[in-house]
Amino acid sequence: MPSLILVTAADAGYFELLSGLLTSIEAQREGRDLALGIFDLGLSREQRDWVDQRAAAVVEPGWDLEVPAALRREQPHLRSLTVRPFLPRYFPGHDTYLWVDADIWLQDWRAISLLARGAAQGCLTASTHTDRAYPVRADVLNFRRQQFRSGYGKNLADLLFLQQHVNAGIFALPQTSPLWNDWAAAFQEGIDGSEGSMVNDQVAQNVACFRQRQAMQLLPAVFNWQCH
């Protein structure tokens, strides 16, 4: 079994992006130590057949956190966020878990290699939203502060909203990391504290890293380039 698994998720509406991601991986994957795991959030039968031919495992996730019933009914895609602290549970047997959002396209395999290398040192490895390549936008900072505040209170929001903000869209983490449990706990705390208005995996991940002083390998913006 490959020591590294790349995991992503999509529903029928995101299939075009998912197929672009998987095609970009296939173009460079041959001979690489990599498995693919896919969360099926509502693919059509034809889409699922296409994915089954390319992935080692395709799983329909449940709700791993206590999300309000109305959100479960109206926004089932939120499972693509709530599953992220639980990847080793859904796809057991791998040393390193690499999450990649379905709207990402792999341009250079060196990104995968360096993400995996950082995780092999026991660290969360990811890029940040805060980089000299991006302008500082007041609306983004205000939104980030509001998200922290709604789930965790004003004091923590004031501490964190201007800090390096790790991007949860692509990250690598070893199976043995304590961050999985810390992240899940912080995520549930944020959902409860906001009465379900803050279901944000990225905010929760940043809270967990800050509180536990988790070791991180922060990569330059080119490893998760935000085209917008």
# chains A, B, ... in the order shown; residues from 1 in each chain; ligands from 1
>>> residues_around(residues="Leu219 of chain A", least_positions_apart="3", cutoff="7 Å", atoms="only C-alpha atoms", output="number ranges by chain")
A: 126-127, 223
>>> write_last_selection(atoms="C-alpha atoms", output="PDB file, in the first residue's frame")
ATOM      1  CA  ALA A 126       0.944  23.922   3.713  1.00  0.00           C
ATOM      2  CA  SER A 127       0.946  27.367   2.148  1.00  0.00           C
ATOM      3  CA  PHE A 223       2.643  25.797  -3.874  1.00  0.00           C
TER       4      PHE A 223
END
>>> select_by_dssp(residues="segment 14-222 of chain A", states="helix (DSSP H, G or I)", output="PyMOL selection string")
chain A and resi 14-29+45-52+69-74+76-82+84-90+110-120+138-152+154-160+179-193+201-212+221-222
>>> residues_around(residues="segment 70-84 of chain A", least_positions_apart="6", cutoff="10 Å", atoms="only C-alpha atoms", output="ChimeraX atom specification")
/A:7-11,39-42,60-64,90,99,101,168-169,180,183-184,187-188,196-197,199-202,205
>>> residues_around(residues="segment 135-148 of chain A", least_positions_apart="2", cutoff="9 Å", atoms="only C-alpha atoms", output="list in words")
Thr130, Asp131, Arg132, Ala133, Ser150, Gly151, Tyr152, Gly153, Lys154, Leu156, Ala157, Asp158, Leu160, Phe161, Leu162, Gly190, Ser194, Ser197, Met198, Asn200, Val203, Ala204 and Val207 of chain A
>>> write_last_selection(atoms="N, CA and C atoms", output="tab-separated table (two decimals), in the first residue's frame")
chain	number	residue	atom	x	y	z
A	130	THR	N	-1.36	34.49	3.63
A	130	THR	CA	-0.62	35.73	3.83
A	130	THR	C	0.75	35.59	3.17
A	131	ASP	N	0.95	36.31	2.07
A	131	ASP	CA	2.19	36.18	1.33
A	131	ASP	C	2.46	37.48	0.59
A	132	ARG	N	3.71	37.76	0.33
A	132	ARG	CA	4.05	39.00	-0.37
A	132	ARG	C	3.49	39.00	-1.80
A	133	ALA	N	3.09	37.81	-2.29
A	133	ALA	CA	2.53	37.73	-3.64
A	133	ALA	C	1.09	38.25	-3.70
A	150	SER	N	-16.83	34.67	15.71
A	150	SER	CA	-18.11	33.99	15.86
A	150	SER	C	-17.95	32.63	16.52
A	151	GLY	N	-16.83	31.96	16.24
A	151	GLY	CA	-16.65	30.63	16.80
A	151	GLY	C	-15.86	30.58	18.09
A	152	TYR	N	-14.99	31.59	18.33
A	152	TYR	CA	-14.03	31.45	19.43
A	152	TYR	C	-13.91	32.70	20.30
A	153	GLY	N	-14.62	33.74	19.99
A	153	GLY	CA	-14.62	34.92	20.84
A	153	GLY	C	-13.66	36.01	20.38
A	154	LYS	N	-13.87	37.19	20.92
A	154	LYS	CA	-13.13	38.38	20.48
A	154	LYS	C	-11.64	38.28	20.79
A	156	LEU	N	-9.51	35.75	21.04
A	156	LEU	CA	-8.76	34.91	20.12
A	156	LEU	C	-8.77	35.50	18.71
A	157	ALA	N	-9.90	36.09	18.32
A	157	ALA	CA	-9.98	36.72	17.00
A	157	ALA	C	-8.95	37.83	16.87
A	158	ASP	N	-8.82	38.65	17.91
A	158	ASP	CA	-7.86	39.75	17.87
A	158	ASP	C	-6.42	39.24	17.79
A	160	LEU	N	-5.47	36.32	16.30
A	160	LEU	CA	-5.18	35.47	15.15
A	160	LEU	C	-5.45	36.07	13.78
A	161	PHE	N	-6.32	37.07	13.68
A	161	PHE	CA	-6.75	37.43	12.33
A	161	PHE	C	-5.63	38.07	11.49
A	162	LEU	N	-4.59	38.60	12.13
A	162	LEU	CA	-3.47	39.17	11.38
A	162	LEU	C	-2.25	38.23	11.33
A	190	GLY	N	-15.90	25.51	17.36
A	190	GLY	CA	-16.31	26.64	16.53
A	190	GLY	C	-17.74	26.53	16.07
A	194	SER	N	-20.61	29.18	17.54
A	194	SER	CA	-21.30	30.06	16.59
A	194	SER	C	-22.73	29.62	16.33
A	197	SER	N	-23.21	28.75	12.66
A	197	SER	CA	-22.98	29.74	11.59
A	197	SER	C	-21.55	29.71	11.07
A	198	MET	N	-20.64	29.07	11.80
A	198	MET	CA	-19.23	29.02	11.41
A	198	MET	C	-18.82	27.56	11.21
A	200	ASN	N	-16.21	26.12	9.29
A	200	ASN	CA	-15.04	26.52	8.53
A	200	ASN	C	-13.83	25.71	8.99
A	203	VAL	N	-10.46	27.88	9.50
A	203	VAL	CA	-10.40	28.65	10.73
A	203	VAL	C	-10.09	27.72	11.91
A	204	ALA	N	-10.77	26.58	11.95
A	204	ALA	CA	-10.55	25.63	13.04
A	204	ALA	C	-9.12	25.08	13.02
A	207	VAL	N	-6.85	27.70	14.49
A	207	VAL	CA	-7.01	27.76	15.94
A	207	VAL	C	-6.25	26.62	16.60
>>> closest_residue(among="A:Arg110, A:His129, A:Val59, A:Ala12", to="Ser44 of chain A", atoms="only C-alpha atoms")
A:Ala12
>>> select_by_dssp(residues="segment 24-221 of chain A", states="strand (DSSP E)", output="number ranges by chain")
A: 35-40, 57-59, 96-100, 124-128, 166-174, 216-219
